[in-house]
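Containing compact mmCIF, C-alpha atoms (C1' of nucleotides): entry_19.txt.
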# COMPACT_ATOMS: atom_id res chain seq x y z
CA MET A 4 13.69 -19.60 -6.65
CA ASN A 5 17.38 -19.74 -7.53
CA ASP A 6 17.60 -16.60 -9.55
CA VAL A 7 15.90 -14.13 -7.29
CA GLN A 8 15.93 -11.34 -9.85
CA SER A 9 14.18 -13.05 -12.68
CA THR A 10 11.67 -15.18 -10.83
CA CYS A 11 10.29 -12.98 -8.09
CA GLY A 12 6.78 -12.14 -9.10
CA LEU A 13 5.98 -10.06 -6.04
CA ASP A 14 6.07 -6.90 -8.10
CA VAL A 15 3.29 -8.32 -10.25
CA SER A 16 1.17 -9.40 -7.31
CA LEU A 17 1.66 -6.04 -5.66
CA ALA A 18 0.64 -4.28 -8.85
CA VAL A 19 -2.65 -6.16 -8.68
CA ILE A 20 -3.41 -6.05 -4.97
CA GLY A 21 -1.39 -3.10 -3.77
CA GLY A 22 -3.09 -0.65 -1.44
CA LYS A 23 -4.94 -0.60 1.82
CA TRP A 24 -8.10 -2.32 0.73
CA LYS A 25 -7.72 -4.71 -2.17
CA PRO A 26 -6.50 -7.78 -0.30
CA LEU A 27 -9.41 -7.47 2.13
CA ILE A 28 -11.97 -6.99 -0.61
CA LEU A 29 -10.69 -10.04 -2.45
CA TYR A 30 -10.64 -12.06 0.69
CA HIS A 31 -14.27 -11.31 1.49
CA LEU A 32 -15.42 -12.23 -1.99
CA GLN A 33 -14.08 -15.69 -1.48
CA GLY A 34 -17.38 -17.03 -0.31
CA GLY A 35 -19.33 -16.32 -3.50
CA PRO A 36 -21.08 -13.37 -5.16
CA LYS A 37 -21.82 -10.40 -2.98
CA ARG A 38 -23.88 -7.24 -3.27
CA PHE A 39 -22.15 -3.88 -3.13
CA ALA A 40 -23.53 -3.01 0.30
CA GLU A 41 -22.59 -6.39 1.64
CA VAL A 42 -19.00 -6.04 0.53
CA ARG A 43 -18.95 -2.68 2.20
CA ARG A 44 -20.27 -4.13 5.43
CA LEU A 45 -17.71 -6.92 5.38
CA VAL A 46 -14.75 -4.66 4.64
CA LYS A 47 -15.07 -2.57 7.74
CA GLY A 48 -14.10 1.05 7.52
CA ILE A 49 -14.01 1.49 3.77
CA SER A 50 -15.86 4.41 2.24
CA GLU A 51 -18.34 3.88 -0.59
CA LYS A 52 -16.25 5.97 -2.88
CA VAL A 53 -13.06 4.03 -2.31
CA LEU A 54 -14.87 0.71 -2.51
CA ILE A 55 -16.26 1.55 -5.92
CA GLN A 56 -12.86 2.62 -7.10
CA GLN A 57 -11.15 -0.49 -5.85
CA LEU A 58 -13.81 -2.79 -7.30
CA ARG A 59 -13.35 -1.10 -10.64
CA GLU A 60 -9.61 -1.59 -10.56
CA LEU A 61 -9.95 -5.22 -9.56
CA MET A 62 -12.32 -5.77 -12.44
CA ALA A 63 -9.88 -4.10 -14.80
CA VAL A 64 -7.20 -6.66 -14.04
CA GLY A 65 -9.63 -9.50 -14.46
CA VAL A 66 -9.78 -10.85 -10.92
CA LEU A 67 -13.36 -9.68 -10.26
CA ILE A 68 -16.54 -9.69 -12.32
CA ARG A 69 -19.65 -7.55 -11.88
CA HIS A 70 -23.08 -8.92 -12.63
CA ASP A 71 -25.95 -6.48 -13.09
CA HIS A 72 -29.33 -8.11 -12.55
CA GLN A 73 -31.00 -5.29 -14.47
CA GLN A 74 -33.62 -4.40 -11.96
CA VAL A 75 -34.85 -1.57 -9.80
CA PRO A 76 -33.77 -0.97 -7.14
CA PRO A 77 -30.43 -1.80 -8.74
CA MET A 78 -29.15 -5.23 -7.93
CA VAL A 79 -25.54 -5.79 -8.70
CA ASP A 80 -23.18 -8.40 -7.41
CA TYR A 81 -19.46 -8.94 -7.55
CA SER A 82 -17.61 -12.21 -7.65
CA LEU A 83 -14.14 -13.59 -8.17
CA THR A 84 -13.16 -14.79 -11.60
CA PRO A 85 -11.38 -18.13 -11.74
CA PHE A 86 -8.22 -16.08 -12.15
CA GLY A 87 -9.16 -14.12 -9.04
CA GLU A 88 -9.64 -17.36 -7.17
CA THR A 89 -6.02 -18.34 -7.83
CA LEU A 90 -4.97 -15.02 -6.36
CA VAL A 91 -7.08 -15.38 -3.24
CA ARG A 92 -5.64 -18.83 -2.76
CA ALA A 93 -2.19 -17.22 -2.71
CA LEU A 94 -3.42 -14.77 -0.06
CA ILE A 95 -4.53 -17.42 2.40
CA PRO A 96 -1.10 -18.06 3.92
CA LEU A 97 -0.76 -14.36 4.63
CA CYS A 98 -4.19 -14.33 6.20
CA GLU A 99 -3.30 -17.27 8.38
CA TRP A 100 0.00 -15.68 9.35
CA GLY A 101 -1.89 -12.61 10.50
CA THR A 102 -4.37 -14.64 12.47
CA LEU A 103 -1.64 -16.61 14.21
CA ASN A 104 0.35 -13.54 15.07
CA ARG A 105 -2.38 -11.06 15.83
CA GLN A 106 -1.58 -10.79 19.51
CA HIS A 107 2.14 -10.53 18.99
CA VAL A 108 1.86 -7.82 16.37
CA ALA A 109 -0.66 -5.91 18.46
CA SER A 110 1.64 -5.83 21.45
CA VAL A 111 4.59 -4.73 19.33
CA LEU A 112 2.66 -1.92 17.70
CA LEU A 113 1.45 -0.65 21.07
CA THR A 114 4.98 -0.26 22.35
CA ALA A 115 6.16 1.57 19.24
CA MET B 13 -11.94 -20.13 8.10
CA ASN B 14 -15.60 -20.48 8.97
CA ASP B 15 -16.12 -17.21 10.73
CA VAL B 16 -14.63 -14.78 8.29
CA GLN B 17 -14.88 -11.82 10.60
CA SER B 18 -13.06 -13.16 13.57
CA THR B 19 -10.37 -15.24 11.91
CA CYS B 20 -9.16 -13.17 8.99
CA GLY B 21 -5.73 -11.94 9.91
CA LEU B 22 -5.11 -10.03 6.71
CA ASP B 23 -5.48 -6.73 8.54
CA VAL B 24 -2.60 -7.78 10.77
CA SER B 25 -0.37 -8.88 7.90
CA LEU B 26 -1.14 -5.70 6.03
CA ALA B 27 -0.29 -3.64 9.08
CA VAL B 28 3.15 -5.25 9.05
CA ILE B 29 3.91 -5.34 5.34
CA GLY B 30 1.66 -2.63 3.93
CA GLY B 31 3.18 -0.19 1.44
CA LYS B 32 5.00 -0.25 -1.83
CA TRP B 33 8.29 -1.69 -0.67
CA LYS B 34 8.11 -3.88 2.41
CA PRO B 35 7.15 -7.17 0.78
CA LEU B 36 10.02 -6.82 -1.68
CA ILE B 37 12.53 -5.92 1.01
CA LEU B 38 11.51 -8.91 3.09
CA TYR B 39 11.64 -11.16 0.10
CA HIS B 40 15.19 -10.18 -0.77
CA LEU B 41 16.42 -10.73 2.76
CA GLN B 42 15.37 -14.31 2.52
CA GLY B 43 18.78 -15.46 1.44
CA GLY B 44 20.63 -14.33 4.56
CA PRO B 45 22.13 -11.14 6.00
CA LYS B 46 22.63 -8.29 3.58
CA ARG B 47 24.42 -4.97 3.63
CA PHE B 48 22.42 -1.78 3.25
CA ALA B 49 23.73 -1.06 -0.24
CA GLU B 50 23.08 -4.61 -1.32
CA VAL B 51 19.48 -4.47 -0.22
CA ARG B 52 19.15 -1.27 -2.14
CA ARG B 53 20.59 -2.84 -5.27
CA LEU B 54 18.27 -5.82 -5.01
CA VAL B 55 15.13 -3.80 -4.44
CA LYS B 56 15.27 -1.90 -7.68
CA GLY B 57 13.96 1.60 -7.72
CA ILE B 58 13.84 2.31 -4.03
CA SER B 59 15.44 5.49 -2.72
CA GLU B 60 17.94 5.41 0.14
CA LYS B 61 15.64 7.48 2.27
CA VAL B 62 12.67 5.21 1.86
CA LEU B 63 14.76 2.07 2.30
CA ILE B 64 16.06 3.32 5.64
CA GLN B 65 12.58 4.21 6.74
CA GLN B 66 11.15 0.86 5.76
CA LEU B 67 14.00 -1.09 7.35
CA ARG B 68 13.39 0.81 10.56
CA GLU B 69 9.70 0.02 10.52
CA LEU B 70 10.34 -3.65 9.81
CA MET B 71 12.75 -3.77 12.72
CA ALA B 72 10.17 -2.14 14.94
CA VAL B 73 7.73 -4.98 14.39
CA GLY B 74 10.36 -7.56 15.02
CA VAL B 75 10.66 -9.15 11.59
CA LEU B 76 14.12 -7.75 10.83
CA ILE B 77 17.26 -7.31 12.84
CA ARG B 78 20.19 -4.97 12.26
CA HIS B 79 23.73 -5.98 13.09
CA ASP B 80 26.38 -3.27 13.35
CA HIS B 81 29.89 -4.65 12.93
CA GLN B 82 31.28 -1.56 14.65
CA GLN B 83 33.85 -0.62 12.09
CA VAL B 84 34.85 2.17 9.78
CA PRO B 85 33.71 2.46 7.07
CA PRO B 86 30.46 1.43 8.70
CA MET B 87 29.51 -2.16 8.13
CA VAL B 88 25.94 -2.98 8.94
CA ASP B 89 23.80 -5.85 7.83
CA TYR B 90 20.15 -6.68 8.03
CA SER B 91 18.57 -10.07 8.38
CA LEU B 92 15.23 -11.71 9.03
CA THR B 93 14.34 -12.73 12.55
CA PRO B 94 12.86 -16.20 12.93
CA PHE B 95 9.53 -14.39 13.21
CA GLY B 96 10.29 -12.60 9.96
CA GLU B 97 11.06 -15.91 8.32
CA THR B 98 7.53 -17.14 9.07
CA LEU B 99 6.21 -14.02 7.36
CA VAL B 100 8.36 -14.45 4.27
CA ARG B 101 7.19 -18.05 4.05
CA ALA B 102 3.63 -16.73 3.89
CA LEU B 103 4.67 -14.40 1.07
CA ILE B 104 5.99 -17.13 -1.19
CA PRO B 105 2.64 -18.16 -2.65
CA LEU B 106 2.01 -14.56 -3.64
CA CYS B 107 5.43 -14.37 -5.22
CA GLU B 108 4.77 -17.54 -7.18
CA TRP B 109 1.36 -16.29 -8.25
CA GLY B 110 2.99 -13.18 -9.64
CA THR B 111 5.64 -15.12 -11.45
CA LEU B 112 3.09 -17.45 -13.04
CA ASN B 113 0.85 -14.61 -14.12
CA ARG B 114 3.40 -11.98 -15.05
CA GLN B 115 2.56 -12.03 -18.76
CA HIS B 116 -1.16 -12.06 -18.23
CA VAL B 117 -1.12 -9.15 -15.81
CA ALA B 118 1.25 -7.19 -18.04
CA SER B 119 -1.04 -7.50 -21.02
CA VAL B 120 -4.09 -6.51 -18.98
CA LEU B 121 -2.39 -3.44 -17.55
CA LEU B 122 -1.29 -2.32 -21.01
CA THR B 123 -4.81 -2.33 -22.32
CA ALA B 124 -6.22 -0.38 -19.34
C1' DG C 4 -45.08 15.54 -4.96
C1' DG C 5 -42.02 13.05 -1.47
C1' DT C 6 -39.65 8.85 0.17
C1' DA C 7 -37.27 4.63 -0.33
C1' DG C 8 -33.66 1.35 -1.96
C1' DT C 9 -29.55 0.58 -4.50
C1' DA C 10 -25.34 1.55 -6.77
C1' DC C 11 -23.08 4.62 -8.32
C1' DA C 12 -20.60 9.78 -9.97
C1' DT C 13 -18.36 14.18 -8.96
C1' DA C 14 -15.80 17.88 -6.59
C1' DC C 15 -12.83 19.04 -3.34
C1' DA C 16 -9.93 18.16 0.86
C1' DA C 17 -6.89 15.70 3.88
C1' DA C 18 -3.67 12.28 4.95
C1' DA C 19 -0.17 9.14 3.87
C1' DA C 20 3.54 7.55 1.26
C1' DA C 21 7.21 8.14 -1.64
C1' DG C 22 10.68 11.07 -3.82
C1' DT C 23 14.66 14.70 -4.38
C1' DA C 24 18.43 17.05 -2.64
C1' DA C 25 21.69 18.14 0.53
C1' DG C 26 24.14 17.24 4.63
C1' DT C 27 26.50 14.39 8.73
C1' DG C 28 29.70 11.30 11.25
C1' DT C 29 33.51 8.08 11.60
C1' DG C 30 37.98 6.49 10.82
C1' DA C 31 41.57 5.44 7.25
C1' DG C 32 44.76 6.68 3.82
C1' DA C 33 47.15 9.84 0.63
C1' DT D 23 44.37 18.86 4.85
C1' DC D 24 41.37 16.37 1.51
C1' DT D 25 38.99 12.29 -0.17
C1' DC D 26 36.82 8.02 0.40
C1' DA D 27 33.40 4.41 1.87
C1' DC D 28 29.34 3.50 4.20
C1' DA D 29 25.09 4.19 6.47
C1' DC D 30 22.60 7.15 7.75
C1' DT D 31 19.65 12.24 8.83
C1' DT D 32 16.97 16.25 7.63
C1' DA D 33 14.14 19.52 4.96
C1' DC D 34 11.17 20.13 1.63
C1' DT D 35 8.36 18.52 -2.48
C1' DT D 36 5.55 15.55 -5.21
C1' DT D 37 2.55 11.83 -5.84
C1' DT D 38 -0.78 8.66 -4.39
C1' DT D 39 -4.41 7.15 -1.67
C1' DT D 40 -8.10 7.83 1.07
C1' DG D 41 -11.82 10.60 2.95
C1' DT D 42 -16.05 13.97 3.13
C1' DA D 43 -19.95 15.82 1.12
C1' DT D 44 -23.24 16.19 -2.26
C1' DG D 45 -25.66 14.76 -6.14
C1' DT D 46 -27.70 11.30 -9.88
C1' DA D 47 -30.57 7.69 -12.00
C1' DC D 48 -34.19 4.44 -11.93
C1' DT D 49 -38.46 2.58 -10.60
C1' DA D 50 -42.03 1.71 -6.97
C1' DC D 51 -45.07 3.16 -3.53
C1' DC D 52 -47.67 6.44 -0.54
Represent the structure contained in this file as structure tokens.
Amino acid sequence: MNDVQSTCGLDVSLAVIGGKWKPLILYHLQGGPKRFAEVRRLVKGISEKVLIQQLRELMAVGVLIRHDHQQVPPMVDYSLTPFGETLVRALIPLCEWGTLNRQHVASVLLTA
Amino acid sequence: MNDVQSTCGLDVSLAVIGGKWKPLILYHLQGGPKRFAEVRRLVKGISEKVLIQQLRELMAVGVLIRHDHQQVPPMVDYSLTPFGETLVRALIPLCEWGTLNRQHVASVLLTA
DNA sequence: GGTAGTACATACAAAAAAGTAAGTGTGAGA
DNA sequence: TCTCACACTTACTTTTTTGTATGTACTACC
């Protein structure tokens, strides 16, 4: 990381996971394929509409894949691609940072 | 990370660095204190107004500190707090991921 | 026919974030 | 007096993201 300008890939990562929900969606798909409704349950607070949208965008950049089991009622699941797995791996430190500092951040935000 | 619900701190991290610009601002302050105009130069594309706003928010959560040299013309610099340094450390993997996958993501986004 | 389960699609609205333009304050120097 | 450098502030606008409500498609079952 000597030449900050030419090596900082944060703009790329942010292009892929930018927004309120994408990091959380990716994180929850870490544990293997998940049904639509299950993802929605895990990512608390997200609307169906936004979840669909975000899943579609994540698929478009190749980090998620959708598997349709071709049955009725519909049975569809979403999972990380291998590429997506590399991205989630890069998210773990941020997740851990948040866990470690949850209390501190909470107290700061309350006084703001 | 066994209990995904209770240990995932991504919501906390996102509360601190959410938005288009904050990760990039933090990243560029890694190398030591920087003047306002310098930060603006480094974070390409950001408007003065938004930079000020974001700096203020980052200070409010304790990851940045502002030092006014009390002179005219004004001379002010911004730097990471030790707390902020822990956060930037957690951002590095994401930065590296982006660097490694810049070409791949670029080609995907062009075809979308 | 109605109901159920599941994963969507569509239309419109609201909220949040970012952007554009103009202005301010402070001394220092011409 | 005017101009400059620097770091802001304010008012308004535009863009983006998220949210609310309703509807669709497909079978299966009562």
- Task: List the neighbours of Leu67 in chain A out to 12 Å using only C-alpha atoms (C1' of nucleotides); skip same-chain residues closer than 3 positions along the sequence, and give me the result as a VMD selection string.
- Result: chain A and resid 19 to 20 25 28 to 33 35 to 37 57 to 64 70 80 to 91
- Message: Should the cut-off be 8 Å, what would the residue list for chain A against chain C look like, counting only C-alpha atoms (C1' of nucleotides), as a PyMOL selection string?
- Response: chain A and resi 39+55+75-79
Select, as a PDB file with C-alpha atoms, keeping the file's coordinate frame, those residues of chain A with any atom no more than 8 Å from chain B (distances computed using all atoms listed in the file).
ATOM      1  CA  VAL A   7      15.900 -14.130  -7.290  1.00  0.00           C
ATOM      2  CA  GLN A   8      15.930 -11.340  -9.850  1.00  0.00           C
ATOM      3  CA  THR A  10      11.670 -15.180 -10.830  1.00  0.00           C
ATOM      4  CA  CYS A  11      10.290 -12.980  -8.090  1.00  0.00           C
ATOM      5  CA  GLY A  12       6.780 -12.140  -9.100  1.00  0.00           C
ATOM      6  CA  LEU A  13       5.980 -10.060  -6.040  1.00  0.00           C
ATOM      7  CA  ASP A  14       6.070  -6.900  -8.100  1.00  0.00           C
ATOM      8  CA  VAL A  15       3.290  -8.320 -10.250  1.00  0.00           C
ATOM      9  CA  SER A  16       1.170  -9.400  -7.310  1.00  0.00           C
ATOM     10  CA  LEU A  17       1.660  -6.040  -5.660  1.00  0.00           C
ATOM     11  CA  VAL A  19      -2.650  -6.160  -8.680  1.00  0.00           C
ATOM     12  CA  GLY A  21      -1.390  -3.100  -3.770  1.00  0.00           C
ATOM     13  CA  GLY A  22      -3.090  -0.650  -1.440  1.00  0.00           C
ATOM     14  CA  LYS A  23      -4.940  -0.600   1.820  1.00  0.00           C
ATOM     15  CA  PRO A  26      -6.500  -7.780  -0.300  1.00  0.00           C
ATOM     16  CA  LEU A  27      -9.410  -7.470   2.130  1.00  0.00           C
ATOM     17  CA  HIS A  31     -14.270 -11.310   1.490  1.00  0.00           C
ATOM     18  CA  LEU A  45     -17.710  -6.920   5.380  1.00  0.00           C
ATOM     19  CA  ALA A  63      -9.880  -4.100 -14.800  1.00  0.00           C
ATOM     20  CA  VAL A  64      -7.200  -6.660 -14.040  1.00  0.00           C
ATOM     21  CA  GLY A  65      -9.630  -9.500 -14.460  1.00  0.00           C
ATOM     22  CA  THR A  89      -6.020 -18.340  -7.830  1.00  0.00           C
ATOM     23  CA  LEU A  90      -4.970 -15.020  -6.360  1.00  0.00           C
ATOM     24  CA  ALA A  93      -2.190 -17.220  -2.710  1.00  0.00           C
ATOM     25  CA  LEU A  94      -3.420 -14.770  -0.060  1.00  0.00           C
ATOM     26  CA  PRO A  96      -1.100 -18.060   3.920  1.00  0.00           C
ATOM     27  CA  LEU A  97      -0.760 -14.360   4.630  1.00  0.00           C
ATOM     28  CA  CYS A  98      -4.190 -14.330   6.200  1.00  0.00           C
ATOM     29  CA  GLU A  99      -3.300 -17.270   8.380  1.00  0.00           C
ATOM     30  CA  TRP A 100       0.000 -15.680   9.350  1.00  0.00           C
ATOM     31  CA  GLY A 101      -1.890 -12.610  10.500  1.00  0.00           C
ATOM     32  CA  THR A 102      -4.370 -14.640  12.470  1.00  0.00           C
ATOM     33  CA  LEU A 103      -1.640 -16.610  14.210  1.00  0.00           C
ATOM     34  CA  ASN A 104       0.350 -13.540  15.070  1.00  0.00           C
ATOM     35  CA  ARG A 105      -2.380 -11.060  15.830  1.00  0.00           C
ATOM     36  CA  VAL A 108       1.860  -7.820  16.370  1.00  0.00           C
ATOM     37  CA  VAL A 111       4.590  -4.730  19.330  1.00  0.00           C
ATOM     38  CA  LEU A 112       2.660  -1.920  17.700  1.00  0.00           C
ATOM     39  CA  ALA A 115       6.160   1.570  19.240  1.00  0.00           C
TER      40      ALA A 115
END
What does chain B look like once superposed on chain A, all Cα atoms paired in sequence order, least squares? Give it as a PDB file with C-alpha atoms, in the coordinates of the input.
ATOM      1  CA  MET B  13      13.632 -19.615  -6.691  1.00  0.00           C
ATOM      2  CA  ASN B  14      17.311 -19.722  -7.544  1.00  0.00           C
ATOM      3  CA  ASP B  15      17.562 -16.561  -9.546  1.00  0.00           C
ATOM      4  CA  VAL B  16      15.866 -14.088  -7.290  1.00  0.00           C
ATOM      5  CA  GLN B  17      15.875 -11.299  -9.816  1.00  0.00           C
ATOM      6  CA  SER B  18      14.183 -13.005 -12.672  1.00  0.00           C
ATOM      7  CA  THR B  19      11.671 -15.173 -10.852  1.00  0.00           C
ATOM      8  CA  CYS B  20      10.283 -12.998  -8.092  1.00  0.00           C
ATOM      9  CA  GLY B  21       6.765 -12.132  -9.091  1.00  0.00           C
ATOM     10  CA  LEU B  22       5.977 -10.046  -6.041  1.00  0.00           C
ATOM     11  CA  ASP B  23       6.076  -6.873  -8.114  1.00  0.00           C
ATOM     12  CA  VAL B  24       3.301  -8.324 -10.251  1.00  0.00           C
ATOM     13  CA  SER B  25       1.162  -9.388  -7.299  1.00  0.00           C
ATOM     14  CA  LEU B  26       1.657  -6.024  -5.675  1.00  0.00           C
ATOM     15  CA  ALA B  27       0.648  -4.277  -8.868  1.00  0.00           C
ATOM     16  CA  VAL B  28      -2.646  -6.162  -8.707  1.00  0.00           C
ATOM     17  CA  ILE B  29      -3.408  -6.037  -4.999  1.00  0.00           C
ATOM     18  CA  GLY B  30      -1.396  -3.050  -3.803  1.00  0.00           C
ATOM     19  CA  GLY B  31      -3.123  -0.566  -1.498  1.00  0.00           C
ATOM     20  CA  LYS B  32      -4.942  -0.533   1.773  1.00  0.00           C
ATOM     21  CA  TRP B  33      -8.097  -2.326   0.734  1.00  0.00           C
ATOM     22  CA  LYS B  34      -7.724  -4.718  -2.173  1.00  0.00           C
ATOM     23  CA  PRO B  35      -6.498  -7.784  -0.304  1.00  0.00           C
ATOM     24  CA  LEU B  36      -9.395  -7.492   2.131  1.00  0.00           C
ATOM     25  CA  ILE B  37     -11.963  -7.009  -0.611  1.00  0.00           C
ATOM     26  CA  LEU B  38     -10.690 -10.051  -2.464  1.00  0.00           C
ATOM     27  CA  TYR B  39     -10.641 -12.074   0.686  1.00  0.00           C
ATOM     28  CA  HIS B  40     -14.263 -11.331   1.492  1.00  0.00           C
ATOM     29  CA  LEU B  41     -15.431 -12.245  -1.984  1.00  0.00           C
ATOM     30  CA  GLN B  42     -14.087 -15.697  -1.479  1.00  0.00           C
ATOM     31  CA  GLY B  43     -17.392 -17.044  -0.306  1.00  0.00           C
ATOM     32  CA  GLY B  44     -19.320 -16.309  -3.496  1.00  0.00           C
ATOM     33  CA  PRO B  45     -21.077 -13.373  -5.166  1.00  0.00           C
ATOM     34  CA  LYS B  46     -21.821 -10.401  -2.965  1.00  0.00           C
ATOM     35  CA  ARG B  47     -23.882  -7.256  -3.258  1.00  0.00           C
ATOM     36  CA  PHE B  48     -22.157  -3.890  -3.124  1.00  0.00           C
ATOM     37  CA  ALA B  49     -23.534  -3.023   0.306  1.00  0.00           C
ATOM     38  CA  GLU B  50     -22.593  -6.415   1.647  1.00  0.00           C
ATOM     39  CA  VAL B  51     -19.014  -6.057   0.528  1.00  0.00           C
ATOM     40  CA  ARG B  52     -18.958  -2.706   2.202  1.00  0.00           C
ATOM     41  CA  ARG B  53     -20.272  -4.152   5.445  1.00  0.00           C
ATOM     42  CA  LEU B  54     -17.710  -6.939   5.402  1.00  0.00           C
ATOM     43  CA  VAL B  55     -14.748  -4.712   4.673  1.00  0.00           C
ATOM     44  CA  LYS B  56     -15.057  -2.593   7.762  1.00  0.00           C
ATOM     45  CA  GLY B  57     -14.044   0.998   7.535  1.00  0.00           C
ATOM     46  CA  ILE B  58     -13.972   1.437   3.802  1.00  0.00           C
ATOM     47  CA  SER B  59     -15.828   4.365   2.263  1.00  0.00           C
ATOM     48  CA  GLU B  60     -18.304   3.862  -0.576  1.00  0.00           C
ATOM     49  CA  LYS B  61     -16.178   5.952  -2.862  1.00  0.00           C
ATOM     50  CA  VAL B  62     -13.030   3.975  -2.292  1.00  0.00           C
ATOM     51  CA  LEU B  63     -14.849   0.647  -2.489  1.00  0.00           C
ATOM     52  CA  ILE B  64     -16.238   1.530  -5.909  1.00  0.00           C
ATOM     53  CA  GLN B  65     -12.841   2.623  -7.084  1.00  0.00           C
ATOM     54  CA  GLN B  66     -11.139  -0.513  -5.860  1.00  0.00           C
ATOM     55  CA  LEU B  67     -13.811  -2.808  -7.290  1.00  0.00           C
ATOM     56  CA  ARG B  68     -13.352  -1.109 -10.636  1.00  0.00           C
ATOM     57  CA  GLU B  69      -9.609  -1.583 -10.548  1.00  0.00           C
ATOM     58  CA  LEU B  70      -9.942  -5.230  -9.563  1.00  0.00           C
ATOM     59  CA  MET B  71     -12.324  -5.769 -12.448  1.00  0.00           C
ATOM     60  CA  ALA B  72      -9.882  -4.100 -14.792  1.00  0.00           C
ATOM     61  CA  VAL B  73      -7.215  -6.676 -14.038  1.00  0.00           C
ATOM     62  CA  GLY B  74      -9.618  -9.507 -14.465  1.00  0.00           C
ATOM     63  CA  VAL B  75      -9.795 -10.855 -10.925  1.00  0.00           C
ATOM     64  CA  LEU B  76     -13.363  -9.696 -10.261  1.00  0.00           C
ATOM     65  CA  ILE B  77     -16.522  -9.672 -12.289  1.00  0.00           C
ATOM     66  CA  ARG B  78     -19.639  -7.549 -11.877  1.00  0.00           C
ATOM     67  CA  HIS B  79     -23.080  -8.910 -12.618  1.00  0.00           C
ATOM     68  CA  ASP B  80     -25.946  -6.459 -13.072  1.00  0.00           C
ATOM     69  CA  HIS B  81     -29.330  -8.092 -12.539  1.00  0.00           C
ATOM     70  CA  GLN B  82     -30.968  -5.266 -14.482  1.00  0.00           C
ATOM     71  CA  GLN B  83     -33.615  -4.355 -11.991  1.00  0.00           C
ATOM     72  CA  VAL B  84     -34.853  -1.494  -9.894  1.00  0.00           C
ATOM     73  CA  PRO B  85     -33.750  -0.907  -7.217  1.00  0.00           C
ATOM     74  CA  PRO B  86     -30.420  -1.781  -8.775  1.00  0.00           C
ATOM     75  CA  MET B  87     -29.175  -5.226  -7.940  1.00  0.00           C
ATOM     76  CA  VAL B  88     -25.546  -5.803  -8.698  1.00  0.00           C
ATOM     77  CA  ASP B  89     -23.177  -8.393  -7.382  1.00  0.00           C
ATOM     78  CA  TYR B  90     -19.470  -8.928  -7.531  1.00  0.00           C
ATOM     79  CA  SER B  91     -17.611 -12.190  -7.631  1.00  0.00           C
ATOM     80  CA  LEU B  92     -14.143 -13.589  -8.166  1.00  0.00           C
ATOM     81  CA  THR B  93     -13.160 -14.792 -11.602  1.00  0.00           C
ATOM     82  CA  PRO B  94     -11.394 -18.145 -11.726  1.00  0.00           C
ATOM     83  CA  PHE B  95      -8.226 -16.089 -12.151  1.00  0.00           C
ATOM     84  CA  GLY B  96      -9.143 -14.130  -9.042  1.00  0.00           C
ATOM     85  CA  GLU B  97      -9.639 -17.361  -7.156  1.00  0.00           C
ATOM     86  CA  THR B  98      -6.016 -18.344  -7.823  1.00  0.00           C
ATOM     87  CA  LEU B  99      -4.967 -15.006  -6.355  1.00  0.00           C
ATOM     88  CA  VAL B 100      -7.084 -15.381  -3.235  1.00  0.00           C
ATOM     89  CA  ARG B 101      -5.618 -18.844  -2.750  1.00  0.00           C
ATOM     90  CA  ALA B 102      -2.181 -17.223  -2.700  1.00  0.00           C
ATOM     91  CA  LEU B 103      -3.421 -14.783  -0.059  1.00  0.00           C
ATOM     92  CA  ILE B 104      -4.516 -17.437   2.403  1.00  0.00           C
ATOM     93  CA  PRO B 105      -1.096 -18.071   3.926  1.00  0.00           C
ATOM     94  CA  LEU B 106      -0.772 -14.367   4.641  1.00  0.00           C
ATOM     95  CA  CYS B 107      -4.201 -14.345   6.213  1.00  0.00           C
ATOM     96  CA  GLU B 108      -3.285 -17.293   8.403  1.00  0.00           C
ATOM     97  CA  TRP B 109       0.005 -15.686   9.366  1.00  0.00           C
ATOM     98  CA  GLY B 110      -1.883 -12.628  10.524  1.00  0.00           C
ATOM     99  CA  THR B 111      -4.368 -14.641  12.482  1.00  0.00           C
ATOM    100  CA  LEU B 112      -1.637 -16.624  14.235  1.00  0.00           C
ATOM    101  CA  ASN B 113       0.354 -13.534  15.092  1.00  0.00           C
ATOM    102  CA  ARG B 114      -2.410 -11.064  15.830  1.00  0.00           C
ATOM    103  CA  GLN B 115      -1.580 -10.766  19.531  1.00  0.00           C
ATOM    104  CA  HIS B 116       2.131 -10.524  18.993  1.00  0.00           C
ATOM    105  CA  VAL B 117       1.855  -7.817  16.362  1.00  0.00           C
ATOM    106  CA  ALA B 118      -0.677  -5.901  18.446  1.00  0.00           C
ATOM    107  CA  SER B 119       1.621  -5.794  21.434  1.00  0.00           C
ATOM    108  CA  VAL B 120       4.584  -4.708  19.316  1.00  0.00           C
ATOM    109  CA  LEU B 121       2.638  -1.907  17.665  1.00  0.00           C
ATOM    110  CA  LEU B 122       1.437  -0.627  21.035  1.00  0.00           C
ATOM    111  CA  THR B 123       4.941  -0.244  22.331  1.00  0.00           C
ATOM    112  CA  ALA B 124       6.193   1.588  19.209  1.00  0.00           C
TER     113      ALA B 124
END
Range 34-44 of chain D, all listed atoms, 3 Å padding on each side: what axis-aligned box centre and edge lengths in Å to one decimal come out, as AutoDock Vina command-line options?
--center_x -6.0 --center_y 13.6 --center_z -1.4 --size_x 40.4 --size_y 19.0 --size_z 15.0
- Using all atoms listed in the file, determine which residues of chain D fall within 9 Å of chain B; present them as a list in words.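 Taking all atoms listed in the file into account, DA27, DC28, DA29 and DC30 of chain D sit within 9 Å of chain B.
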- In Å to one decimal, how far is CA of Gln73 in chain A from CA of Leu54 in chain A?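 These atoms are spaced 21.0 Å apart.
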- Work out how far CA of Ile49 in chain A is from CA of Asp71 in chain A, in Å to one decimal.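 Atom-to-atom, CA of Asp71 in chain A and CA of Ile49 in chain A are spaced 22.1 Å apart.
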